[in-house]
Structure formats: structure tokens, C-alpha cells
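Raw work-v1.txt, compact mmCIF, C-alpha atoms:
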# COMPACT_ATOMS: atom_id res chain seq x y z
CA MET G 1 229.73 119.81 73.62
CA ARG G 2 227.48 116.79 73.79
CA LYS G 3 224.49 118.91 72.88
CA THR G 4 226.20 120.29 69.80
CA LEU G 5 227.15 116.80 68.71
CA LEU G 6 223.59 115.58 69.16
CA PHE G 7 222.30 118.56 67.26
CA VAL G 8 224.69 117.93 64.39
CA VAL G 9 223.65 114.27 64.19
CA PHE G 10 219.98 115.27 64.30
CA PHE G 11 220.52 117.91 61.63
CA ILE G 12 222.29 115.46 59.33
CA THR G 13 219.53 112.89 59.77
CA VAL G 14 216.83 115.40 58.89
CA CYS G 15 218.79 116.53 55.85
CA CYS G 16 219.18 112.93 54.74
CA MET G 17 215.46 112.33 55.13
CA ILE G 18 214.51 115.37 53.10
CA TYR G 19 217.08 114.52 50.49
CA SER G 20 215.93 110.91 50.14
CA CYS G 21 212.30 112.03 49.95
CA GLN G 22 213.18 114.37 47.15
CA ASN G 23 215.06 111.58 45.49
CA ALA G 24 212.09 109.24 45.81
CA GLY G 25 209.95 111.91 44.14
CA GLU G 26 212.44 112.32 41.35
CA ILE G 27 212.67 108.58 40.88
CA GLU G 28 208.87 108.37 40.71
CA GLN G 29 208.77 111.13 38.10
CA ALA G 30 211.54 109.46 36.10
CA LYS G 31 209.45 106.27 36.06
CA TYR G 32 206.44 108.20 34.78
CA MET G 33 208.62 109.82 32.14
CA THR G 34 209.88 106.50 30.75
CA GLY G 35 206.41 104.97 30.74
CA GLY G 36 205.01 108.15 29.24
CA LYS G 37 207.57 108.22 26.46
CA ASP G 38 206.66 104.69 25.34
CA LEU G 39 202.94 105.47 25.44
CA TYR G 40 203.54 108.69 23.52
CA THR G 41 205.55 106.95 20.79
CA ALA G 42 202.86 104.31 20.38
CA ASN G 43 199.76 106.53 20.50
CA CYS G 44 200.50 110.19 19.92
CA GLN G 45 203.68 110.65 17.93
CA ASN G 46 201.99 110.02 14.56
CA CYS G 47 200.01 113.24 14.93
CA HIS G 48 201.96 115.36 17.41
CA GLY G 49 205.45 114.44 16.20
CA ALA G 50 208.56 113.05 17.88
CA ASN G 51 209.45 116.51 19.17
CA GLY G 52 205.91 117.66 19.88
CA GLU G 53 206.01 119.76 16.71
CA GLY G 54 202.52 118.78 15.51
CA LEU G 55 201.61 118.07 11.88
CA GLY G 56 200.83 121.11 9.73
CA GLU G 57 197.39 122.32 10.75
CA LEU G 58 196.16 118.74 11.15
CA ALA G 59 197.48 118.39 14.70
CA PRO G 60 198.66 121.16 17.07
CA PRO G 61 202.15 121.20 18.62
CA LEU G 62 202.61 120.34 22.29
CA THR G 63 205.12 123.14 22.77
CA ASP G 64 202.76 125.81 24.07
CA THR G 65 203.81 125.85 27.72
CA THR G 66 201.23 128.46 28.66
CA PHE G 67 198.38 126.46 27.11
CA LEU G 68 199.48 123.28 28.85
CA LYS G 69 199.82 125.08 32.20
CA GLU G 70 196.47 126.82 32.00
CA ASN G 71 194.68 123.71 30.81
CA LYS G 72 196.51 121.19 32.96
CA VAL G 73 193.31 119.98 34.65
CA LYS G 74 191.75 119.42 31.21
CA LEU G 75 194.59 117.38 29.71
CA ALA G 76 193.33 114.08 31.13
CA CYS G 77 189.91 114.78 29.57
CA ILE G 78 191.42 115.66 26.18
CA ILE G 79 193.44 112.44 26.13
CA LYS G 80 190.75 110.11 27.45
CA ASN G 81 187.73 111.57 25.63
CA GLY G 82 189.32 113.20 22.60
CA SER G 83 188.54 116.72 21.49
CA SER G 84 187.09 118.56 18.54
CA GLU G 85 186.38 121.89 20.17
CA GLY G 86 189.25 123.61 18.43
CA VAL G 87 192.28 125.04 20.21
CA VAL G 88 194.58 128.04 19.89
CA ILE G 89 198.21 126.94 20.24
CA ASN G 90 201.15 129.35 20.02
CA GLY G 91 198.70 131.93 18.68
CA LYS G 92 197.51 129.71 15.82
CA SER G 93 194.06 128.19 15.68
CA TYR G 94 193.56 124.47 15.01
CA GLN G 95 190.29 122.93 13.95
CA GLY G 96 190.79 119.20 14.04
CA LYS G 97 189.60 116.08 15.72
CA MET G 98 191.68 114.34 18.31
CA PRO G 99 190.53 110.74 18.79
CA ALA G 100 189.51 109.46 22.25
CA PHE G 101 191.91 107.13 24.00
CA SER G 102 189.25 105.61 26.21
CA LYS G 103 191.15 102.38 26.74
CA LEU G 104 194.01 104.05 28.58
CA HIS G 105 194.10 103.54 32.37
CA ASP G 106 194.49 106.44 34.80
CA ILE G 107 198.13 105.55 35.35
CA ASP G 108 198.78 105.65 31.57
CA VAL G 109 197.09 109.05 31.29
CA ALA G 110 199.15 110.32 34.23
CA GLN G 111 202.37 109.11 32.63
CA LEU G 112 201.42 110.75 29.33
CA VAL G 113 200.63 114.06 31.01
CA VAL G 114 203.93 113.97 32.93
CA TYR G 115 205.76 113.16 29.72
CA ILE G 116 204.26 115.91 27.55
CA THR G 117 204.40 118.56 30.28
CA ASN G 118 208.09 117.81 30.92
CA SER G 119 209.29 117.42 27.33
CA PHE G 120 209.43 119.70 24.29
CA SER G 121 210.86 122.47 26.49
CA ASN G 122 208.02 122.15 29.03
CA LYS G 123 209.02 121.63 32.66
CA GLN G 124 205.98 121.35 34.87
CA GLY G 125 206.82 118.57 37.30
CA MET G 126 204.80 115.67 38.63
CA TYR G 127 201.14 114.75 38.06
CA THR G 128 199.79 111.62 39.75
CA TYR G 129 197.19 109.06 38.74
CA GLU G 130 195.05 110.09 41.73
CA GLN G 131 194.88 113.53 40.13
CA VAL G 132 193.75 111.92 36.84
CA ALA G 133 190.73 110.38 38.56
CA LYS G 134 189.83 113.78 40.06
CA ASP G 135 190.28 115.67 36.80
CA LEU G 136 188.27 113.13 34.80
CA GLU G 137 185.26 113.76 37.04
CA ASN G 138 185.14 117.33 35.80
CA CYS G 139 185.26 116.65 32.06
CA LYS G 140 182.66 118.44 30.03
CA MET Q 1 272.32 105.50 -0.39
CA PHE Q 2 270.39 102.66 1.13
CA VAL Q 3 268.22 105.05 3.11
CA SER Q 4 267.29 107.27 0.20
CA ASN Q 5 266.50 104.21 -1.86
CA SER Q 6 264.02 102.93 0.66
CA ILE Q 7 262.38 106.35 0.82
CA ILE Q 8 261.94 106.23 -2.91
CA MET Q 9 260.50 102.75 -2.54
CA ILE Q 10 258.01 103.94 0.00
CA LYS Q 11 257.03 106.83 -2.20
CA PHE Q 12 256.63 104.54 -5.12
CA LYS Q 13 254.53 102.14 -3.06
CA ASN Q 14 252.37 105.04 -1.96
CA ILE Q 15 251.79 106.19 -5.49
CA SER Q 16 250.79 102.76 -6.63
CA SER Q 17 248.46 102.26 -3.69
CA ILE Q 18 246.87 105.65 -4.30
CA THR Q 19 246.35 104.76 -7.94
CA ALA Q 20 244.84 101.43 -6.91
CA LEU Q 21 242.53 103.23 -4.52
CA ALA Q 22 241.54 105.73 -7.16
CA PHE Q 23 240.68 102.91 -9.53
CA LEU Q 24 238.64 101.24 -6.86
CA VAL Q 25 236.73 104.45 -6.10
CA ILE Q 26 236.11 105.09 -9.79
CA SER Q 27 234.84 101.58 -10.34
CA PHE Q 28 232.55 101.87 -7.33
CA THR Q 29 231.04 105.14 -8.49
CA ALA Q 30 230.70 103.65 -11.93
CA CYS Q 31 228.73 100.83 -10.34
CA THR Q 32 226.34 103.20 -8.58
CA ASN Q 33 225.82 105.10 -11.82
CA GLU Q 34 224.89 101.86 -13.50
CA LYS Q 35 222.54 100.86 -10.68
CA LYS Q 36 218.98 100.14 -11.70
CA LEU Q 37 215.93 99.61 -9.56
CA PRO Q 38 214.07 96.32 -9.88
CA ILE Q 39 210.79 96.19 -11.79
CA TYR Q 40 207.92 94.75 -9.77
CA GLY Q 41 204.70 93.01 -10.71
CA GLN Q 42 203.88 90.25 -13.12
CA ARG Q 43 205.73 89.96 -16.39
CA GLU Q 44 204.95 88.23 -19.64
CA ALA Q 45 207.12 87.07 -22.46
CA LYS Q 46 205.82 88.47 -25.70
CA ILE Q 47 207.02 87.67 -29.19
CA VAL Q 48 207.62 90.81 -31.16
CA LYS Q 49 208.56 91.18 -34.81
CA GLY Q 50 211.56 93.32 -35.54
CA ALA Q 51 211.68 95.75 -38.45
CA ASP Q 52 213.57 93.18 -40.50
CA GLY Q 53 210.90 90.55 -39.97
CA THR Q 54 212.81 88.44 -37.43
CA GLU Q 55 210.95 87.43 -34.30
CA ARG Q 56 212.35 87.86 -30.82
CA VAL Q 57 211.11 87.49 -27.25
CA ASP Q 58 210.49 90.66 -25.29
CA THR Q 59 209.48 91.06 -21.65
CA VAL Q 60 206.30 92.99 -20.97
CA TYR Q 61 206.01 94.35 -17.45
CA GLN Q 62 202.90 95.05 -15.44
CA THR Q 63 201.84 98.70 -15.68
CA ILE Q 64 199.33 100.96 -13.96
CA PRO Q 65 196.17 100.91 -16.10
CA ALA Q 66 194.36 104.06 -17.23
CA PHE Q 67 192.38 105.87 -14.53
CA ARG Q 68 190.16 108.90 -14.12
CA PHE Q 69 189.62 110.42 -10.68
CA LEU Q 70 188.35 113.66 -9.18
CA ASN Q 71 191.13 115.58 -7.44
CA GLN Q 72 191.07 118.05 -4.54
CA ASP Q 73 190.07 120.83 -6.94
CA SER Q 74 187.09 118.78 -8.20
CA THR Q 75 188.64 118.33 -11.65
CA TYR Q 76 189.12 114.96 -13.29
CA ILE Q 77 192.70 113.86 -13.66
CA THR Q 78 194.01 110.93 -15.70
CA GLN Q 79 197.35 109.35 -16.43
CA TYR Q 80 197.95 112.21 -18.84
CA MET Q 81 199.02 114.28 -15.85
CA PHE Q 82 201.81 111.80 -15.10
CA LYS Q 83 203.10 111.51 -18.63
CA GLY Q 84 206.89 111.66 -18.73
CA LYS Q 85 207.08 111.86 -14.93
CA ILE Q 86 207.84 109.53 -12.09
CA TYR Q 87 205.50 109.56 -9.10
CA VAL Q 88 204.94 108.26 -5.60
CA ALA Q 89 201.46 106.83 -4.94
CA ASP Q 90 199.72 105.79 -1.73
CA PHE Q 91 196.32 104.97 -0.22
CA PHE Q 92 194.95 106.75 2.85
CA PHE Q 93 191.87 108.50 4.21
CA THR Q 94 191.50 111.86 5.92
CA SER Q 95 189.91 110.63 9.15
CA CYS Q 96 192.58 107.96 9.67
CA THR Q 97 194.10 108.38 13.12
CA THR Q 98 196.72 105.64 13.00
CA ILE Q 99 199.28 105.20 10.21
CA CYS Q 100 198.22 107.91 7.74
CA PRO Q 101 199.52 110.91 9.70
CA THR Q 102 202.94 109.22 9.94
CA MET Q 103 202.92 108.23 6.25
CA HIS Q 104 202.14 111.75 5.15
CA ARG Q 105 204.50 113.37 7.66
CA ASN Q 106 207.25 111.27 6.08
CA LEU Q 107 206.09 111.70 2.49
CA LYS Q 108 205.97 115.44 3.05
CA THR Q 109 209.74 115.43 3.67
CA VAL Q 110 210.19 113.85 0.21
CA TYR Q 111 207.79 116.40 -1.27
CA GLU Q 112 209.72 119.29 0.30
CA GLN Q 113 212.96 117.92 -1.13
CA TYR Q 114 211.59 117.84 -4.70
CA LYS Q 115 209.37 120.91 -4.56
CA GLY Q 116 211.24 122.58 -7.42
CA ASN Q 117 211.65 119.45 -9.58
CA PRO Q 118 208.92 119.06 -12.23
CA ASP Q 119 209.92 115.44 -13.01
CA ILE Q 120 208.29 113.98 -9.91
CA LEU Q 121 204.70 114.07 -8.63
CA PHE Q 122 202.75 112.68 -5.68
CA LEU Q 123 199.40 110.88 -5.83
CA SER Q 124 197.34 109.98 -2.77
CA HIS Q 125 194.12 108.00 -3.24
CA THR Q 126 191.49 108.11 -0.53
CA ILE Q 127 189.87 104.78 0.32
CA ASP Q 128 187.02 106.48 2.19
CA PHE Q 129 184.55 106.71 -0.68
CA LYS Q 130 181.75 107.73 1.72
CA TYR Q 131 183.22 110.80 3.32
CA ASP Q 132 186.37 112.00 1.53
CA LYS Q 133 184.79 114.07 -1.23
CA PRO Q 134 187.05 116.55 -3.09
CA SER Q 135 186.22 119.41 -0.70
CA VAL Q 136 187.34 117.26 2.25
CA LEU Q 137 190.54 116.34 0.40
CA LYS Q 138 191.15 120.02 -0.32
CA LYS Q 139 190.93 120.91 3.35
CA TYR Q 140 193.23 118.04 4.23
CA ALA Q 141 195.84 119.10 1.66
CA GLN Q 142 195.71 122.66 2.92
CA LYS Q 143 196.09 121.58 6.52
CA LEU Q 144 198.96 119.26 5.69
CA GLY Q 145 200.52 122.27 3.96
CA VAL Q 146 200.95 120.73 0.51
CA ASP Q 147 198.04 122.13 -1.48
CA GLY Q 148 199.14 122.54 -5.09
CA PRO Q 149 199.29 120.56 -8.31
CA LYS Q 150 202.45 118.66 -7.35
CA TRP Q 151 200.64 116.51 -4.79
CA GLN Q 152 197.32 115.21 -6.07
CA PHE Q 153 194.67 113.88 -3.69
CA VAL Q 154 192.07 111.85 -5.53
CA TYR Q 155 188.61 110.45 -4.97
CA GLY Q 156 187.00 107.61 -6.89
CA SER Q 157 184.38 104.90 -6.55
CA LYS Q 158 185.09 102.05 -4.17
CA ASP Q 159 185.51 99.50 -6.96
CA GLU Q 160 187.86 101.61 -9.00
CA VAL Q 161 190.12 102.63 -6.14
CA TYR Q 162 190.18 99.27 -4.34
CA ASN Q 163 190.89 97.35 -7.56
CA LEU Q 164 193.67 99.70 -8.50
CA ALA Q 165 195.19 99.43 -5.02
CA GLU Q 166 195.24 95.65 -4.92
CA LYS Q 167 195.86 94.69 -8.51
CA SER Q 168 198.16 97.48 -9.65
CA TYR Q 169 199.84 99.03 -6.63
CA LEU Q 170 199.85 95.73 -4.70
CA THR Q 171 198.48 97.48 -1.61
CA VAL Q 172 195.86 95.84 0.60
CA VAL Q 173 192.83 98.04 1.38
CA LYS Q 174 189.59 96.88 2.93
CA GLU Q 175 186.50 98.11 4.70
CA ASP Q 176 186.34 96.57 8.17
CA SER Q 177 183.98 97.76 10.86
CA THR Q 178 186.14 96.19 13.58
CA ALA Q 179 189.26 98.19 12.62
CA THR Q 180 190.06 101.41 14.51
CA ASP Q 181 188.74 103.83 11.89
CA GLY Q 182 186.66 101.41 9.82
CA TYR Q 183 189.30 100.47 7.25
CA ILE Q 184 192.28 98.16 7.05
CA HIS Q 185 195.04 99.26 4.74
CA GLN Q 186 198.76 99.08 4.19
CA GLY Q 187 201.01 102.11 4.34
CA TRP Q 188 203.07 101.53 1.22
CA LEU Q 189 204.57 104.42 -0.67
CA VAL Q 190 204.81 103.06 -4.21
CA LEU Q 191 207.35 104.39 -6.70
CA ILE Q 192 206.21 104.43 -10.36
CA ASP Q 193 208.45 105.16 -13.34
CA LYS Q 194 207.76 106.98 -16.62
CA GLU Q 195 206.67 103.73 -18.26
CA LYS Q 196 204.01 103.31 -15.51
CA ARG Q 197 205.88 100.38 -14.00
CA MET Q 198 206.25 99.79 -10.27
CA ARG Q 199 209.88 100.21 -9.19
CA GLY Q 200 209.65 100.12 -5.41
CA ALA Q 201 207.38 99.96 -2.36
CA TYR Q 202 208.37 101.46 0.99
CA ASP Q 203 206.66 101.34 4.36
CA GLY Q 204 205.66 104.98 4.84
CA THR Q 205 205.53 104.59 8.63
CA LYS Q 206 209.24 103.77 8.91
CA THR Q 207 211.80 106.54 8.53
CA GLU Q 208 214.54 104.13 7.35
CA GLU Q 209 212.34 102.98 4.49
CA VAL Q 210 211.46 106.53 3.56
CA GLU Q 211 215.20 107.30 3.43
CA LYS Q 212 215.55 104.35 1.06
CA LEU Q 213 212.75 105.82 -1.07
CA LYS Q 214 214.65 109.11 -1.25
CA LYS Q 215 217.78 107.30 -2.44
CA ASP Q 216 215.83 105.26 -4.97
CA ILE Q 217 214.17 108.39 -6.39
CA VAL Q 218 217.65 109.76 -7.11
CA THR Q 219 218.55 106.50 -8.87
CA LEU Q 220 215.32 106.42 -10.87
CA LEU Q 221 215.57 110.06 -11.92
CA ALA Q 222 219.13 109.40 -13.12
CA GLU Q 223 218.02 106.26 -14.99
CA GLU Q 224 215.18 108.12 -16.69
CA LYS Q 225 217.49 110.94 -17.77
CA LYS Q 226 219.43 108.58 -20.04

Using C-alpha cells, write down the structure that the file contains.
Amino acid sequence: MRKTLLFVVFFITVCCMIYSCQNAGEIEQAKYMTGGKDLYTANCQNCHGANGEGLGELAPPLTDTTFLKENKVKLACIIKNGSSEGVVINGKSYQGKMPAFSKLHDIDVAQLVVYITNSFSNKQGMYTYEQVAKDLENCK
Amino acid sequence: MFVSNSIIMIKFKNISSITALAFLVISFTACTNEKKLPIYGQREAKIVKGADGTERVDTVYQTIPAFRFLNQDSTYITQYMFKGKIYVADFFFTSCTTICPTMHRNLKTVYEQYKGNPDILFLSHTIDFKYDKPSVLKKYAQKLGVDGPKWQFVYGSKDEVYNLAEKSYLTVVKEDSTATDGYIHQGWLVLIDKEKRMRGAYDGTKTEEVEKLKKDIVTLLAEEKK
């Protein structure tokens, strides 16, 4: 009897811990999302649009989930250093020049990446500023 | 007897209030029909002689002076193209990464709305006299998705374009090596009437102001129809 009681208490505690950890993660991501939204409105919305729809052929949409997934490690580079390589988004090719946002800090870049990869019908979860530093080392 | 009387009273009251309301509505719509946009710029009083020889004072408004620019198809266009039309003018450059994309995203919504209406045109002047040659403007127009005669993109010498911007369209443009893309400029969308007078200026980066522009275009088109 006592053993079962102890076990139940233990089980509940573990559950609580896991649950609160998850919550902490969610809270962290929510913080990144709010910061990211503000940064996006100020720096990116003019070209990529309020709903990530892009602007004609001048700027590509941010709605290509597959592109964003496959190029996730490159996103920090694109944002920080700009890009004029040309991209194929939703099967359409874009030949433009994205300006470099070299003044943004790693945390800003992380918030932006979290925002764009979890908005506009993308849902790709968390991406930390430590990861930004790693990814930036591998920019071409 | 008393009851039915009061019902009649109520009915009567209702009818009179409905009539009053109808009058009010009619007078309001009459007001909006009469609405006129202001006329901007400097004005002069000029004494003109009537046909019967009497003199009277007339107001002369500032107008857009004659111009001649190369457009995105490398042909010269002049004011002749805008004869009998109203138009929206602005100043931008193709490599601008700050306010221009927003201005043109917003202006494009106006363009889409009036695509089939020959009474209104669009005129964007580049202020990048070094780089934005007609072929560059052509590519830009195509990429924006508005390439056609209705929206003209024009290139001219620095003096011509900058003078026109500041003196006639009251828009500040400047070369400045410390600015993000090398130029400082304002994002006004300027509304010009058939008499080449300036009737409104709207911040093209703000959606509320662009909505106001759309309303004012309706008013101006109605005014010009008379």
C-alpha cells in the first residue's frame, strides 16, 4: 500500500517536471516569436509581405516549407549576409538581391528564423541563438 | 378609442421620423457628391479680362511643368501622355531596400483596382540616375508585375528629376552616401488632376493613407466627370 502511494507520488512529480519543462520550452519559443514578429515587421515585411507572400518576382514568398526545412542551416547566413544567388521557391525562380542585415545580433537572427519558420503555415519549432553562431561559421 | 388613437400617433411619429432620416441621408450624400479635394502648391492672383472687357481677379494654381523622360520601353514620354487623365506620381529607385518595396506594394493595389479604367495613369520617377537606365526599369516593372503603358517608369537627368520632385511634386529627394542605399527620399504618392494641379499627397508606406488615396481618386474622378 505504502509502496503504491510512494510510486504514485513519484510518478506525479516526474510528470509535473516533464510538463513544466515542456512549458518552459514553449514559453521560450513564444518569446522568440514575439521578438521575431517585431523584427520581421521592421526589417523584412516591406519585401516579403505581412503574410510572407513576397512581392511579385522582386522578393520570394516565405511560404515554401520544404525550402525552409532543407535550407534551415543556411537561413542565418541569408539573413546576416544577404543573398543574390537566386532561389527557386514554390517551383518559381527568383533572381533578386536580398540585402545583408549585418547589424543584427545572433539572438535577433534566431528570433527571425523562429518567426518565419513558424508562421505563414510553417511549423518547424525552436531554433536557438547558439545554433545561429554555429550556422554562421559555415556560410559560403 | 384611446388605444387606437395612440397607435395612430406612433405610426405618424414613425413616418415623420423616417422622412426626417431620409432627408438627412439625402443631404449627406449630396454633401459627398459636392465634395472637392483641396488644391496644393503656390497660387497667384491674376487679373484677367473678360470677353466684355471687364477685369476680374482669377486664381492661378501651381501646375506640373512640361517634362520629357525616357520610359521603361526606351521611348520619350511627355505630358501629352497624361492629357485629359489624372495620375499618381512618385519617386523611387530599383535598388531601394527600405520604403520603395512597401510604396509599390501599396500602389500596386490601387493599380489593380483601376486596371480597366483609362482615365487614370501611374508615373514613377527613378532618382538613381546612375544605375536605373530604361532596361533596368523594364525588368523592375516586369518583376513587380505591372509592365504595360498604364504604369510608366521614367528615367531622366539628375537635375531634371530632382528639380521636378522638389519644386513641383513637393517631394524631398537627395543623394546621401550615409543613407542605407545612397539616397534620401520621401515616399509620397502624389495625386495630379487633369489640369496638372496637385490634389493630394499620401504616405505610400502607410496602408491607411493609401486607403485615403483610393477614396480621393473616386472623388477626383467624379469631379472631373462634371

Residues of chain G at most 7 Å from chain Q: nearest atom pair and distance in Å, all atoms listed in the file, as JSON lines:
{"residue": "G:Asn46", "atom": "CA", "partner": "Q:Thr102", "partner_atom": "CA", "distance": 4.8}
{"residue": "G:Cys47", "atom": "CA", "partner": "Q:Pro101", "partner_atom": "CA", "distance": 5.7}
{"residue": "G:Leu55", "atom": "CA", "partner": "Q:Leu144", "partner_atom": "CA", "distance": 6.8}
{"residue": "G:Gly56", "atom": "CA", "partner": "Q:Leu144", "partner_atom": "CA", "distance": 4.8}
{"residue": "G:Glu57", "atom": "CA", "partner": "Q:Lys143", "partner_atom": "CA", "distance": 4.5}
{"residue": "G:Leu58", "atom": "CA", "partner": "Q:Lys143", "partner_atom": "CA", "distance": 5.4}

What's around Ile116 of chain G at 9 Å? Count only C-alpha atoms, leave out sequence neighbours fewer than 5 positions away in its own chain, and write the answer as a compact mmCIF listing (two decimals) with C-alpha atoms, in the frame of the given file.
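This went into part39.txt:
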# COMPACT_ATOMS: atom_id res chain seq x y z
CA MET G 33 208.62 109.82 32.14
CA GLY G 36 205.01 108.15 29.24
CA LYS G 37 207.57 108.22 26.46
CA TYR G 40 203.54 108.69 23.52
CA GLY G 52 205.91 117.66 19.88
CA LEU G 62 202.61 120.34 22.29
CA THR G 63 205.12 123.14 22.77
CA LEU G 68 199.48 123.28 28.85
CA GLN G 111 202.37 109.11 32.63
CA ASN G 122 208.02 122.15 29.03

### Message
When you look at Lys134 of chain G with a cut-off of 12 Å (counting only C-alpha atoms), what residues show up, excluding the ones that are within fewer than 4 positions of it in the same chain? I need them as JSON, numbers by chain.
### Response
{"G": [73, 74, 75, 76, 77, 106, 110, 127, 128, 129, 130, 138, 139]}

### Task
Could you check which of G:Gln124, G:Ser102, G:Asn71, G:Ser119 is closest to Ile89 of chain G, using only C-alpha atoms?
G:Asn71

#### Entry: atom CA of Lys196 of chain Q to atom CA of Ile64 of chain Q, straight-line distance in Å
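These atoms are spaced 5.5 Å apart.
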
### Query
When distances are computed from all atoms listed in the file, which of Q:Lys214, Q:Arg199, Q:Val60, Q:Lys49 shows the smallest separation from Lys36 of chain Q?
Q:Arg199

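You will find atom CA of Leu6 of chain G at 21.0 Å from atom CA of Ser20 of chain G.
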
### Nearest-residue call for Phe153 of chain Q, choices Q:Ala165, Q:Ala201, Q:Leu137, Q:Ala89, using all atoms listed in the file
Q:Leu137

### Task
Would you mind reading off the distance between atom CA of Gly53 of chain Q and atom CA of Lys226 of chain Q, one decimal, in Å?
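About the pair atom CA of Gly53 of chain Q and atom CA of Lys226 of chain Q: they are 28.2 Å apart.
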
### Task
Give as a list in words the set of residues within 6 Å of the point (211.8, 101.1, -0.5), where distances use the file's coordinates and only C-alpha atoms.
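Residues lying no farther than 6 Å from the given point: Gly200, Ala201, Tyr202, Glu209, Lys212 and Leu213 of chain Q.
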
### Task
Return the single residue from Q:Ser124, Q:Thr207, Q:Asn117, Q:Asn106 that is closest to Gln152 of chain Q, with distances computed using all atoms listed in the file.
Q:Ser124

Six-sided padding of 6 Å per side, axis-aligned box over segment 165-184 of chain Q, centre and edges in Å, one decimal, as lines of an AutoDock Vina configuration file:
center_x = 191.9
center_y = 99.3
center_z = 2.4
size_x = 27.9
size_y = 21.1
size_z = 36.2

### Query
Smallest atom-to-atom distance to Lys103 of chain G: which of G:Ala133, G:Ala59, G:Val9, G:Ile79, using all atoms listed in the file?
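When distances to Lys103 of chain G are compared using all atoms listed in the file, the smallest one comes from G:Ile79.
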
### Task
Might you pull out every residue within 7 Å of Val172 of chain Q, with only C-alpha atoms counted and same-chain residues fewer than 3 positions away left off, and present them as a PyMOL selection string?
chain Q and resi 165-166+185-186

### Top pick for closest residue to Asp73 of chain Q, considering Q:Asp147, Q:Glu55, Q:Glu223, Q:Glu195 and counting all atoms listed in the file
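Nearest to Asp73 of chain Q: Q:Asp147.
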
### Distance query 10 Å from (199.0, 128.0, 17.6) using only C-alpha atoms, result as number ranges by chain
G: 57, 60-64, 67, 87-94

Could you give me segment 199-213 of chain Q completed to N, CA, C and O atoms, formatted as a CSV table (one decimal), in the coordinates of the input?
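File selection00.csv, as written:
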chain,number,residue,atom,x,y,z
Q,199,ARG,N,208.4,100.4,-9.4
Q,199,ARG,CA,209.9,100.2,-9.2
Q,199,ARG,C,210.3,100.1,-7.7
Q,199,ARG,O,211.5,99.9,-7.4
Q,200,GLY,N,209.3,100.3,-6.8
Q,200,GLY,CA,209.6,100.1,-5.4
Q,200,GLY,C,208.4,100.3,-4.5
Q,200,GLY,O,207.5,101.0,-5.0
Q,201,ALA,N,208.4,99.7,-3.3
Q,201,ALA,CA,207.4,100.0,-2.4
Q,201,ALA,C,208.0,100.1,-1.0
Q,201,ALA,O,208.9,99.3,-0.6
Q,202,TYR,N,207.7,101.1,-0.2
Q,202,TYR,CA,208.4,101.5,1.0
Q,202,TYR,C,207.3,101.7,2.1
Q,202,TYR,O,206.3,102.4,1.8
Q,203,ASP,N,207.6,101.2,3.2
Q,203,ASP,CA,206.7,101.3,4.4
Q,203,ASP,C,206.7,102.8,4.8
Q,203,ASP,O,207.7,103.2,5.4
Q,204,GLY,N,205.7,103.5,4.6
Q,204,GLY,CA,205.7,105.0,4.8
Q,204,GLY,C,205.7,105.3,6.3
Q,204,GLY,O,205.8,106.5,6.7
Q,205,THR,N,205.5,104.3,7.2
Q,205,THR,CA,205.5,104.6,8.6
Q,205,THR,C,206.9,104.5,9.2
Q,205,THR,O,207.1,104.7,10.4
Q,206,LYS,N,207.9,104.0,8.4
Q,206,LYS,CA,209.2,103.8,8.9
Q,206,LYS,C,210.2,104.7,8.3
Q,206,LYS,O,210.4,104.8,7.1
Q,207,THR,N,210.9,105.5,9.1
Q,207,THR,CA,211.8,106.5,8.5
Q,207,THR,C,212.9,105.9,7.7
Q,207,THR,O,213.3,106.5,6.7
Q,208,GLU,N,213.4,104.7,8.1
Q,208,GLU,CA,214.5,104.1,7.4
Q,208,GLU,C,214.1,103.8,5.9
Q,208,GLU,O,214.8,104.0,5.0
Q,209,GLU,N,212.8,103.3,5.8
Q,209,GLU,CA,212.3,103.0,4.5
Q,209,GLU,C,212.1,104.2,3.6
Q,209,GLU,O,212.3,104.2,2.4
Q,210,VAL,N,211.7,105.3,4.3
Q,210,VAL,CA,211.5,106.5,3.6
Q,210,VAL,C,212.8,107.1,3.1
Q,210,VAL,O,212.9,107.6,2.0
Q,211,GLU,N,213.9,106.9,3.9
Q,211,GLU,CA,215.2,107.3,3.4
Q,211,GLU,C,215.6,106.5,2.2
Q,211,GLU,O,216.2,107.0,1.3
Q,212,LYS,N,215.3,105.2,2.2
Q,212,LYS,CA,215.6,104.4,1.1
Q,212,LYS,C,214.8,104.9,-0.2
Q,212,LYS,O,215.4,104.9,-1.3
Q,213,LEU,N,213.5,105.3,0.0
Q,213,LEU,CA,212.8,105.8,-1.1
Q,213,LEU,C,213.5,107.0,-1.7
Q,213,LEU,O,213.6,107.2,-2.9
